[in-house]
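K.L.:
There's a structure below that I have some questions on.
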Amino acid sequence: MNSFEGVAPKVAVIMGSDSDLPVVRKVAEILEKFHVDFEVSVISAHRTPDRAAEYSKTAEDRGFEVIIAAAGKAAHLPGVLAAFTALPVIGLPVKSSTLDGLDSLLSIVQMPPGIPVATVAVDGAQNAGLLAVQILAVKYPHLREALKTYKAEMERAVIEKDESVKKEFGR
Ligand code: RP5
């Protein structure tokens, strides 16, 4: 038995510290918009390394299909989680106070060959959520349709902005 037994949502959203939560909330908003189940956890690769390993090792058996890992500074969490699972891991670099998130970005994106982490922009929480939905959409056709609707809505919104900007300048 492991300490993570229970209901099995589809996406595991993990952050290295609760100080990452303001960014991670936007991941949750996207997953909620697409009605994708998820579990949110605070697990640190540095401060709780055993929990990080156990979580990742048991994630597939608990029904998770994608992992999103948000971390800042020396952001090893996504890479450590990816080391213990065959599930796709999306890394979300969180902007740290000292180096503006460049430290987090490079720590996550520069994975050595063999252990990929799909990295989004610094604080790119929405894209982390959307990428997870896109990965799930390979298996779930209703998510593919929902993504097409989402893109069409985005297109319509930009066209409306175009018209409104043109109106402001009268040409
Ligand atoms: C990382 O260190 C966390 O992901 C967080 O972004 C950063 C700072 O953590 P705290 O000192 O705020 O807990 O592990």
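Chains: A, B, ... in order of the structure tokens. Residues: from 1 per chain. Ligands: from 1, in order shown.
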Around ligand 1, at most 10 Å away and counting only C-alpha atoms and all ligand atoms, which residues are there? Put them as number ranges by chain, please.

P.N.:
A: 14-21, 23, 42-47, 69-78, 92-97, 101, 104

K.L.:
Give me the residues near Asp50 in chain A as a short mmCIF file (atom, residue, chain, number, x, y, z; two decimals) with all heavy atoms, in the first residue's frame, where near means some atom within 12 Å (using only C-alpha atoms) and where sequence neighbours in that chain fewer than 6 positions away do not count.

P.N.:
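Output saved as out_30.cif:
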data_model
loop_
_atom_site.label_atom_id
_atom_site.label_comp_id
_atom_site.auth_asym_id
_atom_site.auth_seq_id
_atom_site.Cartn_x
_atom_site.Cartn_y
_atom_site.Cartn_z
N ASN A 2 0.45 2.28 -0.75
CA ASN A 2 1.21 3.53 -0.70
C ASN A 2 0.30 4.64 -0.15
O ASN A 2 -0.91 4.50 -0.11
CB ASN A 2 1.75 3.90 -2.09
CG ASN A 2 0.63 4.22 -3.05
OD1 ASN A 2 -0.04 5.23 -2.89
ND2 ASN A 2 0.39 3.37 -4.03
N SER A 3 0.91 5.76 0.21
CA SER A 3 0.14 6.81 0.88
C SER A 3 -0.65 7.67 -0.10
O SER A 3 -1.25 8.66 0.30
CB SER A 3 1.08 7.68 1.70
OG SER A 3 2.16 8.11 0.92
N ILE A 43 4.54 18.95 -3.62
CA ILE A 43 5.58 17.94 -3.40
C ILE A 43 6.90 18.54 -3.88
O ILE A 43 6.98 19.02 -5.02
CB ILE A 43 5.31 16.64 -4.19
CG1 ILE A 43 3.95 16.03 -3.77
CG2 ILE A 43 6.44 15.62 -3.98
CD1 ILE A 43 3.54 14.83 -4.58
N SER A 44 7.89 18.54 -3.04
CA SER A 44 9.16 19.15 -3.42
C SER A 44 10.20 18.09 -3.77
O SER A 44 10.37 17.11 -3.03
CB SER A 44 9.67 20.01 -2.26
OG SER A 44 11.02 20.37 -2.48
N SER A 56 5.32 9.70 -8.28
CA SER A 56 5.52 9.46 -9.70
C SER A 56 5.47 7.96 -10.04
O SER A 56 4.85 7.55 -11.02
CB SER A 56 6.86 10.06 -10.12
OG SER A 56 6.98 9.97 -11.51
N LYS A 57 6.08 7.16 -9.20
CA LYS A 57 6.10 5.70 -9.44
C LYS A 57 4.69 5.10 -9.43
O LYS A 57 4.43 4.12 -10.10
CB LYS A 57 6.92 5.00 -8.34
CG LYS A 57 8.41 5.06 -8.54
CD LYS A 57 9.09 4.32 -7.39
CE LYS A 57 10.57 4.64 -7.34
NZ LYS A 57 11.20 4.17 -6.12
N LEU A 77 11.81 19.49 -10.02
CA LEU A 77 10.64 18.65 -9.80
C LEU A 77 10.13 17.95 -11.07
O LEU A 77 9.95 16.72 -11.06
CB LEU A 77 9.51 19.48 -9.16
CG LEU A 77 8.20 18.73 -8.87
CD1 LEU A 77 8.43 17.62 -7.86
CD2 LEU A 77 7.13 19.69 -8.37
N VAL A 80 12.57 15.16 -12.08
CA VAL A 80 12.59 14.04 -11.11
C VAL A 80 11.34 13.18 -11.29
O VAL A 80 11.41 11.95 -11.32
CB VAL A 80 12.71 14.57 -9.66
CG1 VAL A 80 12.40 13.49 -8.65
CG2 VAL A 80 14.11 15.13 -9.43
N LEU A 81 10.19 13.85 -11.43
CA LEU A 81 8.94 13.08 -11.64
C LEU A 81 9.04 12.28 -12.94
O LEU A 81 8.65 11.10 -12.99
CB LEU A 81 7.73 14.02 -11.69
CG LEU A 81 7.41 14.77 -10.39
CD1 LEU A 81 6.35 15.83 -10.63
CD2 LEU A 81 6.96 13.80 -9.30
N PHE A 84 10.71 8.80 -13.00
CA PHE A 84 10.09 7.63 -12.37
C PHE A 84 8.82 7.15 -13.07
O PHE A 84 8.13 6.29 -12.54
CB PHE A 84 9.76 7.95 -10.90
CG PHE A 84 10.97 8.06 -10.03
CD1 PHE A 84 11.40 9.30 -9.58
CD2 PHE A 84 11.68 6.93 -9.65
CE1 PHE A 84 12.52 9.41 -8.76
CE2 PHE A 84 12.80 7.02 -8.84
CZ PHE A 84 13.23 8.27 -8.39
#

K.L.:
Can you measure CA of Ala146 in chain A to CA of Leu105 in chain A for me? One decimal in Å is fine.

P.N.:
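Taking CA of Ala146 in chain A and CA of Leu105 in chain A, their separation equals 29.4 Å.
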
K.L.:
For Pro116 in chain A, which residue among A:Thr48, A:Thr98, A:Thr85, A:Ser164 is the nearest when counting only C-alpha atoms?

P.N.:
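Smallest distance to Pro116 in chain A is found for A:Thr85.
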
K.L.:
Based on the backbone DSSP call, show me all residues of range 6-158 of chain A assigned helix (DSSP H, G or I), as a VMD selection string.

P.N.:
chain A and resid 18 to 33 49 to 59 77 to 83 102 to 109 125 to 137 141 to 158

K.L.:
Report the distance between CA of Leu102 in chain A and CA of Val122 in chain A in Å, rounded to one decimal place.

P.N.:
7.6 Å

K.L.:
May I ask which of the residues A:Val11, A:Asn127, A:Lys161, A:Ala86 is the closest one to Gly114 in chain A, counting only C-alpha atoms?

P.N.:
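Under the stated criterion, the closest residue is A:Ala86.
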
K.L.:
Work out how far apart CA of Tyr55 in chain A and CA of Leu143 in chain A are and give it in Å to one decimal.

P.N.:
26.0 Å

K.L.:
Hey, which of A:Phe34, A:Ile67, A:Pro22, A:Ala28 ends up closest to Tyr150 in chain A? Count only C-alpha atoms.

P.N.:
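Selected residue with least distance to Tyr150 in chain A: A:Phe34.
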
K.L.:
Within 10 Å of Leu136 in chain A, counting only C-alpha atoms, which residues qualify if same-chain residues fewer than 3 places away don't, as an mmCIF file with C-alpha atoms, in the first residue's frame?

P.N.:
data_model
loop_
_atom_site.group_PDB
_atom_site.id
_atom_site.type_symbol
_atom_site.label_atom_id
_atom_site.label_comp_id
_atom_site.auth_asym_id
_atom_site.auth_seq_id
_atom_site.Cartn_x
_atom_site.Cartn_y
_atom_site.Cartn_z
ATOM 1 C CA LYS A 10 -6.750 12.123 -15.021
ATOM 2 C CA VAL A 11 -4.198 14.904 -14.502
ATOM 3 C CA VAL A 36 -10.898 17.388 -16.891
ATOM 4 C CA GLU A 65 -2.582 10.094 -17.685
ATOM 5 C CA VAL A 66 -0.596 13.329 -17.650
ATOM 6 C CA LEU A 130 -4.065 23.305 -22.614
ATOM 7 C CA LEU A 131 -1.172 21.013 -23.496
ATOM 8 C CA ALA A 132 -2.446 18.481 -20.961
ATOM 9 C CA VAL A 133 -5.895 18.661 -22.546
ATOM 10 C CA LYS A 139 -7.546 9.402 -26.448
ATOM 11 C CA TYR A 140 -10.748 11.364 -25.737
ATOM 12 C CA PRO A 141 -12.541 12.646 -28.887
ATOM 13 C CA HIS A 142 -14.847 14.946 -26.879
ATOM 14 C CA LEU A 143 -11.767 16.885 -25.739
ATOM 15 C CA ARG A 144 -10.629 17.222 -29.363
#

K.L.:
Going by DSSP on the backbone, which residues of range 65-149 of chain A come out as strand (DSSP E)? List them as a ChimeraX atom specification.

P.N.:
/A:66-72,89-94,118-119

K.L.:
Would you list the contacts of Thr119 in chain A as a list in words, taking every protein, DNA or RNA residue within 7 Å and counting only C-alpha atoms, but skipping same-chain residues closer than 2 positions in sequence?

P.N.:
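Near Thr119 in chain A, the qualifying residues are Ile90, Gly91, Leu92, Ile108, Val109, Val117 and Ala121 of chain A.
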
K.L.:
Pick the closest to Glu60 in chain A from A:Ala12, A:Glu163, A:Leu99, A:Leu31: which is it, counting only C-alpha atoms?

P.N.:
A:Ala12
